[in-house]
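The file run_30.pdb contains PDB, C-alpha atoms:
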```pdb
ATOM      1  CA  MET Y 299      47.527-100.488-145.334  1.00  0.00           C
ATOM      2  CA  LEU Y 300      43.941 -99.735-144.291  1.00  0.00           C
ATOM      3  CA  THR Y 301      41.550-102.382-142.960  1.00  0.00           C
ATOM      4  CA  VAL Y 302      37.913-101.773-142.009  1.00  0.00           C
ATOM      5  CA  ALA Y 303      35.530-104.071-140.137  1.00  0.00           C
ATOM      6  CA  ARG Y 304      31.893-103.504-139.122  1.00  0.00           C
ATOM      7  CA  VAL Y 305      31.451-103.988-135.361  1.00  0.00           C
ATOM      8  CA  ASP Y 306      28.873-103.431-132.636  1.00  0.00           C
ATOM      9  CA  LEU Y 307      29.561-100.427-130.434  1.00  0.00           C
ATOM     10  CA  PRO Y 308      31.755-101.264-127.401  1.00  0.00           C
ATOM     11  CA  ASP Y 309      30.092-100.936-124.008  1.00  0.00           C
ATOM     12  CA  GLN Y 310      32.230 -97.951-122.954  1.00  0.00           C
ATOM     13  CA  VAL Y 311      31.341 -96.081-126.149  1.00  0.00           C
ATOM     14  CA  THR Y 312      27.647 -96.881-125.752  1.00  0.00           C
ATOM     15  CA  GLN Y 313      27.675 -95.593-122.168  1.00  0.00           C
ATOM     16  CA  ARG Y 314      29.408 -92.373-123.219  1.00  0.00           C
ATOM     17  CA  LEU Y 315      26.894 -91.826-126.018  1.00  0.00           C
ATOM     18  CA  ARG Y 316      23.981 -92.407-123.657  1.00  0.00           C
ATOM     19  CA  GLU Y 317      25.342 -89.768-121.300  1.00  0.00           C
ATOM     20  CA  ARG Y 318      25.606 -87.283-124.157  1.00  0.00           C
ATOM     21  CA  ALA Y 319      22.151 -88.124-125.487  1.00  0.00           C
ATOM     22  CA  ALA Y 320      20.633 -87.659-122.019  1.00  0.00           C
ATOM     23  CA  LEU Y 321      21.680 -84.000-121.820  1.00  0.00           C
ATOM     24  CA  SER Y 322      18.468 -81.985-121.930  1.00  0.00           C
ATOM     25  CA  GLU Y 323      19.388 -78.548-120.641  1.00  0.00           C
ATOM     26  CA  SER Y 324      17.426 -75.683-122.130  1.00  0.00           C
ATOM     27  CA  TRP Y 325      19.261 -72.515-123.062  1.00  0.00           C
ATOM     28  CA  GLY Y 326      17.988 -70.888-119.856  1.00  0.00           C
ATOM     29  CA  GLU Y 327      19.216 -73.743-117.670  1.00  0.00           C
ATOM     30  CA  PHE Y 328      22.547 -73.845-119.460  1.00  0.00           C
ATOM     31  CA  LEU Y 329      23.039 -70.085-119.094  1.00  0.00           C
ATOM     32  CA  LYS Y 330      22.025 -70.139-115.426  1.00  0.00           C
ATOM     33  CA  GLU Y 331      24.536 -72.894-114.680  1.00  0.00           C
ATOM     34  CA  ARG Y 332      27.301 -70.968-116.460  1.00  0.00           C
ATOM     35  CA  LEU Y 333      26.492 -67.691-114.670  1.00  0.00           C
ATOM     36  CA  ILE Y 334      25.495 -68.633-111.109  1.00  0.00           C
ATOM     37  CA  GLY Y 335      26.423 -72.324-110.996  1.00  0.00           C
ATOM     38  CA  PHE Y 336      29.721 -73.758-109.872  1.00  0.00           C
ATOM     39  CA  LYS Y 337      31.079 -73.793-113.443  1.00  0.00           C
ATOM     40  CA  GLN Y 338      31.500 -70.021-113.165  1.00  0.00           C
ATOM     41  CA  PRO Y 339      34.628 -69.001-111.173  1.00  0.00           C
ATOM     42  CA  VAL Y 340      32.961 -65.840-109.832  1.00  0.00           C
ATOM     43  CA  ALA Y 341      29.985 -67.858-108.579  1.00  0.00           C
ATOM     44  CA  ARG Y 342      32.278 -70.394-106.913  1.00  0.00           C
ATOM     45  CA  ALA Y 343      34.206 -67.619-105.175  1.00  0.00           C
ATOM     46  CA  THR Y 344      30.969 -65.919-104.103  1.00  0.00           C
ATOM     47  CA  ALA Y 345      29.541 -69.149-102.688  1.00  0.00           C
ATOM     48  CA  PHE Y 346      32.724 -69.700-100.667  1.00  0.00           C
ATOM     49  CA  VAL Y 347      33.527 -66.168 -99.505  1.00  0.00           C
ATOM     50  CA  GLY Y 348      29.973 -64.840 -98.992  1.00  0.00           C
ATOM     51  CA  PRO Y 349      28.879 -66.957 -95.980  1.00  0.00           C
ATOM     52  CA  LEU Y 350      32.270 -66.552 -94.299  1.00  0.00           C
ATOM     53  CA  LEU Y 351      32.193 -62.773 -94.723  1.00  0.00           C
ATOM     54  CA  VAL Y 352      28.616 -62.434 -93.451  1.00  0.00           C
ATOM     55  CA  ALA Y 353      29.314 -64.683 -90.458  1.00  0.00           C
ATOM     56  CA  PHE Y 354      32.475 -62.753 -89.591  1.00  0.00           C
ATOM     57  CA  VAL Y 355      30.749 -59.348 -89.801  1.00  0.00           C
ATOM     58  CA  TYR Y 356      27.850 -60.596 -87.674  1.00  0.00           C
ATOM     59  CA  ALA Y 357      30.286 -61.919 -85.073  1.00  0.00           C
ATOM     60  CA  VAL Y 358      32.232 -58.660 -84.716  1.00  0.00           C
ATOM     61  CA  SER Y 359      29.391 -56.192 -85.349  1.00  0.00           C
ATOM     62  CA  ASP Y 360      25.607 -55.956 -85.270  1.00  0.00           C
ATOM     63  CA  PHE Y 361      22.737 -57.248 -87.444  1.00  0.00           C
ATOM     64  CA  PHE Y 362      22.270 -54.065 -89.478  1.00  0.00           C
ATOM     65  CA  THR Y 363      25.965 -53.878 -90.363  1.00  0.00           C
ATOM     66  CA  MET Y 364      25.788 -57.505 -91.455  1.00  0.00           C
ATOM     67  CA  VAL Y 365      22.824 -56.729 -93.732  1.00  0.00           C
ATOM     68  CA  GLU Y 366      24.639 -53.722 -95.205  1.00  0.00           C
ATOM     69  CA  VAL Y 367      27.806 -55.716 -95.898  1.00  0.00           C
ATOM     70  CA  ALA Y 368      25.813 -58.621 -97.347  1.00  0.00           C
ATOM     71  CA  SER Y 369      23.925 -56.254 -99.674  1.00  0.00           C
ATOM     72  CA  VAL Y 370      27.116 -54.598-100.935  1.00  0.00           C
ATOM     73  CA  PHE Y 371      28.769 -57.981-101.411  1.00  0.00           C
ATOM     74  CA  ALA Y 372      25.747 -59.356-103.310  1.00  0.00           C
ATOM     75  CA  ALA Y 373      25.585 -56.295-105.594  1.00  0.00           C
ATOM     76  CA  THR Y 374      29.314 -56.456-106.303  1.00  0.00           C
ATOM     77  CA  SER Y 375      29.118 -60.189-107.057  1.00  0.00           C
ATOM     78  CA  ALA Y 376      26.146 -59.665-109.391  1.00  0.00           C
ATOM     79  CA  LEU Y 377      28.123 -56.990-111.244  1.00  0.00           C
ATOM     80  CA  PHE Y 378      31.103 -59.313-111.658  1.00  0.00           C
ATOM     81  CA  ILE Y 379      28.838 -62.125-112.904  1.00  0.00           C
ATOM     82  CA  PHE Y 380      27.235 -59.765-115.445  1.00  0.00           C
ATOM     83  CA  VAL Y 381      30.658 -58.631-116.674  1.00  0.00           C
ATOM     84  CA  ALA Y 382      31.786 -62.266-116.907  1.00  0.00           C
ATOM     85  CA  TRP Y 383      28.707 -63.111-118.992  1.00  0.00           C
ATOM     86  CA  TYR Y 384      29.171 -60.102-121.264  1.00  0.00           C
ATOM     87  CA  MET Y 385      32.816 -60.889-121.941  1.00  0.00           C
ATOM     88  CA  ASN Y 386      32.159 -64.604-122.534  1.00  0.00           C
ATOM     89  CA  ARG Y 387      28.688 -64.508-124.080  1.00  0.00           C
ATOM     90  CA  HIS Y 388      29.837 -65.750-127.503  1.00  0.00           C
ATOM     91  CA  ASP Y 389      31.828 -68.600-125.970  1.00  0.00           C
ATOM     92  CA  ILE Y 390      28.865 -69.580-123.787  1.00  0.00           C
ATOM     93  CA  ARG Y 391      26.512 -69.706-126.771  1.00  0.00           C
ATOM     94  CA  SER Y 392      29.072 -71.663-128.794  1.00  0.00           C
ATOM     95  CA  ALA Y 393      29.449 -74.156-125.948  1.00  0.00           C
ATOM     96  CA  TYR Y 394      25.663 -74.624-125.842  1.00  0.00           C
ATOM     97  CA  SER Y 395      25.526 -75.136-129.604  1.00  0.00           C
ATOM     98  CA  ARG Y 396      28.304 -77.748-129.413  1.00  0.00           C
ATOM     99  CA  GLN Y 397      26.445 -79.531-126.630  1.00  0.00           C
ATOM    100  CA  MET Y 398      23.238 -79.700-128.650  1.00  0.00           C
ATOM    101  CA  VAL Y 399      25.078 -80.917-131.758  1.00  0.00           C
ATOM    102  CA  ALA Y 400      26.804 -83.596-129.658  1.00  0.00           C
ATOM    103  CA  ARG Y 401      23.441 -84.669-128.226  1.00  0.00           C
ATOM    104  CA  ARG Y 402      21.847 -85.087-131.676  1.00  0.00           C
ATOM    105  CA  ALA Y 403      24.907 -86.952-132.961  1.00  0.00           C
ATOM    106  CA  ALA Y 404      24.888 -89.297-129.952  1.00  0.00           C
ATOM    107  CA  LYS Y 405      21.233 -90.170-130.576  1.00  0.00           C
ATOM    108  CA  ALA Y 406      22.023 -90.948-134.231  1.00  0.00           C
ATOM    109  CA  ASP Y 407      24.983 -93.134-133.212  1.00  0.00           C
ATOM    110  CA  LEU Y 408      22.929 -95.056-130.652  1.00  0.00           C
ATOM    111  CA  LYS Y 409      20.215 -95.627-133.224  1.00  0.00           C
ATOM    112  CA  ALA Y 410      22.764 -97.004-135.712  1.00  0.00           C
ATOM    113  CA  GLY Y 411      24.242 -99.221-133.003  1.00  0.00           C
ATOM    114  CA  GLN Y 412      27.356-100.069-135.003  1.00  0.00           C
ATOM    115  CA  GLY Y 413      30.623 -98.569-136.148  1.00  0.00           C
ATOM    116  CA  GLU Y 414      33.622 -99.320-138.300  1.00  0.00           C
ATOM    117  CA  ALA Y 415      36.780-100.514-136.548  1.00  0.00           C
ATOM    118  CA  VAL Y 416      39.619 -99.119-138.643  1.00  0.00           C
ATOM    119  CA  ASP Y 417      43.298-100.071-138.571  1.00  0.00           C
ATOM    120  CA  LEU Y 418      45.975 -98.238-140.548  1.00  0.00           C
ATOM    121  CA  THR Y 419      49.629 -99.177-140.836  1.00  0.00           C
ATOM    122  CA  LEU Y 420      51.677 -96.240-142.110  1.00  0.00           C
ATOM    123  CA  ARG Y 421      54.664 -96.699-144.384  1.00  0.00           C
ATOM    124  CA  VAL Y 422      54.946 -93.005-145.250  1.00  0.00           C
ATOM    125  CA  ARG Y 423      54.965 -90.290-142.614  1.00  0.00           C
ATOM    126  CA  PRO Y 424      51.677 -88.359-142.365  1.00  0.00           C
ATOM    127  CA  VAL Y 425      51.388 -84.654-143.115  1.00  0.00           C
ATOM    128  CA  PHE Y 426      49.974 -82.086-140.674  1.00  0.00           C
ATOM    129  CA  TYR Y 427      48.630 -78.567-141.284  1.00  0.00           C
ATOM    130  CA  GLU Y 428      47.788 -76.513-138.216  1.00  0.00           C
ATOM    131  CA  HIS Y 429      45.107 -73.838-138.284  1.00  0.00           C
ATOM    132  CA  GLU Y 430      43.217 -71.666-135.827  1.00  0.00           C
ATOM    133  CA  HIS Y 431      40.874 -74.414-134.635  1.00  0.00           C
ATOM    134  CA  GLY Y 432      43.102 -77.498-134.709  1.00  0.00           C
ATOM    135  CA  VAL Y 433      45.052 -79.522-137.228  1.00  0.00           C
ATOM    136  CA  ILE Y 434      44.397 -81.226-140.566  1.00  0.00           C
ATOM    137  CA  VAL Y 435      45.996 -84.673-140.820  1.00  0.00           C
ATOM    138  CA  LEU Y 436      46.647 -86.489-144.091  1.00  0.00           C
ATOM    139  CA  ALA Y 437      47.997 -90.016-144.316  1.00  0.00           C
ATOM    140  CA  ASP Y 438      48.649 -92.552-147.052  1.00  0.00           C
ATOM    141  CA  SER Y 439      46.009 -95.288-146.705  1.00  0.00           C
ATOM    142  CA  GLY Y 440      47.286 -97.310-149.678  1.00  0.00           C
ATOM    143  CA  ASN Y 441      45.569 -98.346-152.925  1.00  0.00           C
ATOM    144  CA  GLY Y 442      45.956 -94.851-154.346  1.00  0.00           C
ATOM    145  CA  GLN Y 443      43.938 -93.244-151.562  1.00  0.00           C
ATOM    146  CA  ALA Y 444      44.572 -90.877-148.663  1.00  0.00           C
ATOM    147  CA  LEU Y 445      43.053 -90.564-145.205  1.00  0.00           C
ATOM    148  CA  TYR Y 446      41.747 -87.182-144.017  1.00  0.00           C
ATOM    149  CA  PHE Y 447      41.363 -86.125-140.377  1.00  0.00           C
ATOM    150  CA  ASP Y 448      40.100 -82.736-139.208  1.00  0.00           C
ATOM    151  CA  VAL Y 449      41.060 -82.584-135.524  1.00  0.00           C
ATOM    152  CA  ASP Y 450      39.452 -79.933-133.321  1.00  0.00           C
ATOM    153  CA  SER Y 451      41.661 -78.467-130.600  1.00  0.00           C
ATOM    154  CA  ALA Y 452      38.762 -76.976-128.614  1.00  0.00           C
ATOM    155  CA  GLY Y 453      37.041 -80.194-127.543  1.00  0.00           C
ATOM    156  CA  GLU Y 454      38.209 -83.420-125.915  1.00  0.00           C
ATOM    157  CA  ASP Y 455      39.476 -85.131-129.044  1.00  0.00           C
ATOM    158  CA  SER Y 456      42.284 -87.509-128.027  1.00  0.00           C
ATOM    159  CA  ARG Y 457      43.924 -87.026-131.422  1.00  0.00           C
ATOM    160  CA  TRP Y 458      44.766 -83.412-130.577  1.00  0.00           C
ATOM    161  CA  PHE Y 459      46.646 -84.436-127.438  1.00  0.00           C
ATOM    162  CA  LEU Y 460      48.396 -87.237-129.317  1.00  0.00           C
ATOM    163  CA  TYR Y 461      49.413 -84.733-131.973  1.00  0.00           C
ATOM    164  CA  VAL Y 462      50.710 -82.236-129.427  1.00  0.00           C
ATOM    165  CA  ASN Y 463      52.856 -84.803-127.626  1.00  0.00           C
ATOM    166  CA  GLY Y 464      54.118 -86.340-130.873  1.00  0.00           C
ATOM    167  CA  ASP Y 465      52.360 -89.707-130.765  1.00  0.00           C
ATOM    168  CA  MET Y 466      50.446 -89.084-133.993  1.00  0.00           C
ATOM    169  CA  HIS Y 467      53.808 -89.709-135.663  1.00  0.00           C
ATOM    170  CA  ARG Y 468      53.667 -93.409-134.795  1.00  0.00           C
ATOM    171  CA  ASP Y 469      53.139 -95.929-137.589  1.00  0.00           C
ATOM    172  CA  SER Y 470      50.103 -97.862-136.290  1.00  0.00           C
ATOM    173  CA  TRP Y 471      46.715 -96.147-135.929  1.00  0.00           C
ATOM    174  CA  ARG Y 472      43.423 -97.598-134.774  1.00  0.00           C
ATOM    175  CA  TRP Y 473      40.056 -95.932-134.290  1.00  0.00           C
ATOM    176  CA  LEU Y 474      36.290 -96.391-134.356  1.00  0.00           C
ATOM    177  CA  LYS Y 475      34.188 -94.511-136.890  1.00  0.00           C
ATOM    178  CA  LEU Y 476      30.569 -94.223-135.769  1.00  0.00           C
ATOM    179  CA  LEU Y 477      27.981 -94.957-138.451  1.00  0.00           C
ATOM    180  CA  GLY Y 478      25.317 -92.549-137.222  1.00  0.00           C
ATOM    181  CA  SER Y 479      27.271 -89.291-137.123  1.00  0.00           C
ATOM    182  CA  GLY Y 480      30.501 -90.364-138.811  1.00  0.00           C
ATOM    183  CA  ALA Y 481      32.459 -89.220-135.745  1.00  0.00           C
ATOM    184  CA  VAL Y 482      35.874 -90.674-134.913  1.00  0.00           C
ATOM    185  CA  MET Y 483      36.302 -92.144-131.417  1.00  0.00           C
ATOM    186  CA  GLU Y 484      38.684 -94.363-129.468  1.00  0.00           C
ATOM    187  CA  PHE Y 485      41.709 -93.270-131.493  1.00  0.00           C
ATOM    188  CA  GLU Y 486      45.002 -94.987-130.649  1.00  0.00           C
ATOM    189  CA  ALA Y 487      48.485 -94.437-132.084  1.00  0.00           C
ATOM    190  CA  ARG Y 488      51.077 -97.124-131.398  1.00  0.00           C
ATOM    191  CA  GLY Y 489      54.243 -98.627-132.823  1.00  0.00           C
ATOM    192  CA  ARG Y 490      57.504 -97.016-133.845  1.00  0.00           C
ATOM    193  CA  ARG Y 491      57.914 -93.310-134.484  1.00  0.00           C
ATOM    194  CA  LEU Y 492      58.290 -92.413-138.121  1.00  0.00           C
ATOM    195  CA  ALA Y 493      61.487 -90.551-139.015  1.00  0.00           C
ATOM    196  CA  GLY Y 494      61.751 -87.247-140.815  1.00  0.00           C
ATOM    197  CA  ILE Y 495      58.980 -85.306-139.085  1.00  0.00           C
ATOM    198  CA  GLY Y 496      59.660 -81.618-139.691  1.00  0.00           C
ATOM    199  CA  ASP Y 497      57.968 -78.414-138.603  1.00  0.00           C
ATOM    200  CA  THR Y 498      54.204 -78.297-139.077  1.00  0.00           C
ATOM    201  CA  PRO Y 499      53.055 -75.420-141.317  1.00  0.00           C
ATOM    202  CA  TYR Y 500      50.484 -73.065-139.854  1.00  0.00           C
ATOM    203  CA  VAL Y 501      47.783 -71.883-142.250  1.00  0.00           C
ATOM    204  CA  GLU Y 502      46.041 -68.654-141.261  1.00  0.00           C
ATOM    205  CA  ALA Y 503      43.894 -67.882-144.327  1.00  0.00           C
ATOM    206  CA  PRO Y 504      40.406 -69.473-144.050  1.00  0.00           C
ATOM    207  CA  ASP Y 505      39.869 -69.013-147.802  1.00  0.00           C
ATOM    208  CA  ALA Y 506      42.775 -71.354-148.447  1.00  0.00           C
ATOM    209  CA  TRP Y 507      41.069 -74.184-146.567  1.00  0.00           C
ATOM    210  CA  GLU Y 508      37.842 -73.641-148.476  1.00  0.00           C
ATOM    211  CA  ALA Y 509      39.717 -73.994-151.754  1.00  0.00           C
ATOM    212  CA  ILE Y 510      41.589 -77.052-150.467  1.00  0.00           C
ATOM    213  CA  SER Y 511      38.366 -78.700-149.300  1.00  0.00           C
ATOM    214  CA  LEU Y 512      36.787 -78.203-152.714  1.00  0.00           C
ATOM    215  CA  ALA Y 513      39.882 -79.534-154.481  1.00  0.00           C
ATOM    216  CA  LEU Y 514      39.833 -82.678-152.322  1.00  0.00           C
ATOM    217  CA  GLY Y 515      36.112 -83.320-152.759  1.00  0.00           C
ATOM    218  CA  GLU Y 516      34.983 -81.706-149.484  1.00  0.00           C
ATOM    219  CA  PRO Y 517      35.992 -84.604-147.196  1.00  0.00           C
ATOM    220  CA  GLN Y 518      34.723 -84.944-143.642  1.00  0.00           C
ATOM    221  CA  ASP Y 519      36.684 -86.059-140.593  1.00  0.00           C
ATOM    222  CA  GLY Y 520      37.783 -89.681-141.036  1.00  0.00           C
ATOM    223  CA  ASP Y 521      36.985 -89.876-144.758  1.00  0.00           C
ATOM    224  CA  VAL Y 522      39.155 -91.645-147.304  1.00  0.00           C
ATOM    225  CA  ILE Y 523      39.984 -89.428-150.304  1.00  0.00           C
ATOM    226  CA  ASP Y 524      40.037 -91.171-153.658  1.00  0.00           C
ATOM    227  CA  MET Y 525      43.351 -89.584-154.650  1.00  0.00           C
ATOM    228  CA  PRO Y 526      46.946 -90.768-154.210  1.00  0.00           C
ATOM    229  CA  PHE Y 527      48.593 -89.367-151.095  1.00  0.00           C
ATOM    230  CA  GLU Y 528      51.371 -87.635-153.073  1.00  0.00           C
ATOM    231  CA  GLU Y 529      48.805 -85.927-155.305  1.00  0.00           C
ATOM    232  CA  VAL Y 530      46.832 -84.723-152.275  1.00  0.00           C
ATOM    233  CA  VAL Y 531      49.970 -83.181-150.728  1.00  0.00           C
ATOM    234  CA  GLN Y 532      50.940 -81.546-154.028  1.00  0.00           C
ATOM    235  CA  THR Y 533      47.419 -80.136-154.451  1.00  0.00           C
ATOM    236  CA  ILE Y 534      47.506 -78.555-151.009  1.00  0.00           C
ATOM    237  CA  SER Y 535      51.028 -77.174-151.596  1.00  0.00           C
ATOM    238  CA  ARG Y 536      49.853 -75.434-154.780  1.00  0.00           C
ATOM    239  CA  LEU Y 537      46.871 -73.859-153.033  1.00  0.00           C
ATOM    240  CA  LEU Y 538      48.656 -72.602-149.921  1.00  0.00           C
TER     241      LEU Y 538
END
```
Would you write the structure of this file as structure tokens?
Amino acid sequence: MLTVARVDLPDQVTQRLRERAALSESWGEFLKERLIGFKQPVARATAFVGPLLVAFVYAVSDFFTMVEVASVFAATSALFIFVAWYMNRHDIRSAYSRQMVARRAAKADLKAGQGEAVDLTLRVRPVFYEHEHGVIVLADSGNGQALYFDVDSAGEDSRWFLYVNGDMHRDSWRWLKLLGSGAVMEFEARGRRLAGIGDTPYVEAPDAWEAISLALGEPQDGDVIDMPFEEVVQTISRLL
């Protein structure tokens, strides 16, 4: 059974959204922080080892030797930082893109100022389909409809961790769906564990998910599909 109620955003959600909306790093600032800031392991190691090495060489040798060692150390560190950037350049750009998308979404959610508090009591065990970037979750929401979740494993989505440790198999779900971006937040899974949970199929072919999305009406994360749960599962089974 699915129940939905319009509510004002809780204070903790509002604060989190404000922090996201306040992010204003340019691409240059973001890249600099990832390369020579403390988020880069090589930069952290350089900042820690460099002063100690220079001080030690100066203590046991002379000024010119210290300068020579410092120059070699700086050049070697710069080379390592360049290699780290080259190997992770796509991930760095993807992280920046995700940050900017999150910032725009947070502004839209703050402007809306409200969300939908959703409660779902499950009588039938949900179905999970793992893929490269996370897991698709389908659940019977009653009244001839099905709930669709697209959970990303790369971010900080609590649903992924609940899925991994088995708590998504509990029969009472609660979450907040933001009205600005449609994002799902504050997800909780409680109650008894549903029996009969088997192995989760892993779907590798991206074309299969495109066909499934079209067959289900191209739902977004947290949407309710206007199809019976059994029909949704059968449709996916035929397409996989």
Worksheet item: Hey, what comes out of the PyMOL selection byres ((chain Y and resi 314) around 12) on this file? Could you write it as a PyMOL selection string?
Response: chain Y and resi 307-313+315-321+400-401+404-405+407-408+483-484
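Residue nearest Glu430 in chain Y within the list Y:Pro526, Y:Pro499, Y:Gly489, Y:Gly520: Y:Pro499 [criterion: smallest interatomic distance, only C-alpha atoms].
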Practice prompt. Determine, counting only C-alpha atoms, which protein, DNA and RNA residues have an atom within 12 Å of an atom of Glu529 in chain Y; residues of the same chain fewer than 3 positions away are not included. Present the result as a list in words.
Written response: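 Close residues of Glu529 in chain Y: Leu436, Ala437, Asp438, Gly442, Gln443, Ala444, Ala513, Leu514, Ile523, Asp524, Met525, Pro526, Gln532, Thr533, Ile534, Ser535 and Arg536 of chain Y.
Counting only C-alpha atoms and comparing Y:Val302, Y:Val530, Y:Val365, Y:Ala452, the residue that lies closest to Gly432 in chain Y is Y:Ala452.
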Discussion item. Need to verify the contact set: Gly478 in chain Y, 10 Å, only C-alpha atoms, exclusion of same-chain residues closer than 2 positions in sequence. Can you return it as a list in words?
Written reply: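 In the requested format, the answer is Arg402, Ala403, Ala404, Lys405, Ala406, Asp407, Leu408, Lys409, Ala410, Gly411, Gln412, Gly413, Lys475, Leu476, Gly480 and Ala481 of chain Y.
Between CA of Asp455 in chain Y and CA of Glu508 in chain Y the interatomic distance comes to 22.6 Å.
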Worksheet item: Separation of CA of Leu492 in chain Y and CA of Val416 in chain Y, in Å?
Response: 19.8 Å
Practice prompt. Rank Y:Arg488, Y:Arg457, Y:His467, Y:Arg396 by their smallest atom-to-atom distance to Arg423 in chain Y, using all atoms listed in the file, and report the top residue only.
Written response: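 Answer, going by the shortest atom-to-atom distance: Y:His467.
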Practice prompt. Mind giving me the straight-line distance from CA of Thr498 in chain Y to CA of Val531 in chain Y in Å, one decimal?
Written response: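 For CA of Thr498 in chain Y relative to CA of Val531 in chain Y, the distance reads 13.3 Å.
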Worksheet item: Where does the PyMOL selection byres ((chain Y and resi 450) around 10) land in this file, that is, which residues does it pick, as a PyMOL selection string?
Response: chain Y and resi 429-434+447-449+451-458+519
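Taking only C-alpha atoms into account, those protein, DNA and RNA residues with any atom at most 6 Å away from (51.6, -95.0, -144.8) amount to Leu420, Arg421, Val422, Asp438 and Ser439 of chain Y.
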Worksheet entry | Which of Y:Asn441, Y:Trp473, Y:Leu350, Y:Leu537 sits closest to Val305 in chain Y [using all atoms listed in the file] |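 Closest to Val305 in chain Y, using all atoms listed in the file: Y:Trp473.
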Discussion item. When you count all atoms listed in the file, which of these residues is closest to Leu460 in chain Y: Y:Phe371, Y:Phe485, Y:Tyr500, Y:Phe361?
Written reply: Y:Phe485
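Using the PyMOL selection byres ((chain Y and resi 464) around 12) on the file at hand returns these residues: Y:Pro424, Y:Phe426, Y:Arg457, Y:Trp458, Y:Phe459, Y:Leu460, Y:Tyr461, Y:Val462, Y:Asn463, Y:Asp465, Y:Met466, Y:His467, Y:Arg468, Y:Asp469, Y:Ala487, Y:Arg488, Y:Arg490, Y:Arg491, Y:Leu492, Y:Ala493, Y:Ile495, Y:Gly496, Y:Asp497, Y:Thr498.
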Output the selection as a PDB file, in the coordinates of the input - C-alpha atoms for each residue.
```
ATOM      1  CA  PRO Y 424      51.677 -88.359-142.365  1.00  0.00           C
ATOM      2  CA  PHE Y 426      49.974 -82.086-140.674  1.00  0.00           C
ATOM      3  CA  ARG Y 457      43.924 -87.026-131.422  1.00  0.00           C
ATOM      4  CA  TRP Y 458      44.766 -83.412-130.577  1.00  0.00           C
ATOM      5  CA  PHE Y 459      46.646 -84.436-127.438  1.00  0.00           C
ATOM      6  CA  LEU Y 460      48.396 -87.237-129.317  1.00  0.00           C
ATOM      7  CA  TYR Y 461      49.413 -84.733-131.973  1.00  0.00           C
ATOM      8  CA  VAL Y 462      50.710 -82.236-129.427  1.00  0.00           C
ATOM      9  CA  ASN Y 463      52.856 -84.803-127.626  1.00  0.00           C
ATOM     10  CA  ASP Y 465      52.360 -89.707-130.765  1.00  0.00           C
ATOM     11  CA  MET Y 466      50.446 -89.084-133.993  1.00  0.00           C
ATOM     12  CA  HIS Y 467      53.808 -89.709-135.663  1.00  0.00           C
ATOM     13  CA  ARG Y 468      53.667 -93.409-134.795  1.00  0.00           C
ATOM     14  CA  ASP Y 469      53.139 -95.929-137.589  1.00  0.00           C
ATOM     15  CA  ALA Y 487      48.485 -94.437-132.084  1.00  0.00           C
ATOM     16  CA  ARG Y 488      51.077 -97.124-131.398  1.00  0.00           C
ATOM     17  CA  ARG Y 490      57.504 -97.016-133.845  1.00  0.00           C
ATOM     18  CA  ARG Y 491      57.914 -93.310-134.484  1.00  0.00           C
ATOM     19  CA  LEU Y 492      58.290 -92.413-138.121  1.00  0.00           C
ATOM     20  CA  ALA Y 493      61.487 -90.551-139.015  1.00  0.00           C
ATOM     21  CA  ILE Y 495      58.980 -85.306-139.085  1.00  0.00           C
ATOM     22  CA  GLY Y 496      59.660 -81.618-139.691  1.00  0.00           C
ATOM     23  CA  ASP Y 497      57.968 -78.414-138.603  1.00  0.00           C
ATOM     24  CA  THR Y 498      54.204 -78.297-139.077  1.00  0.00           C
TER      25      THR Y 498
END
```
Discussion item. Using only C-alpha atoms, which protein or nucleic acid residues come within 7 Å of Thr419 in chain Y? Drop anything in the same chain fewer than 3 positions from it, and give the result as a list in words.
Written reply: Met299, Leu300, Asp469, Ser470 and Trp471 of chain Y
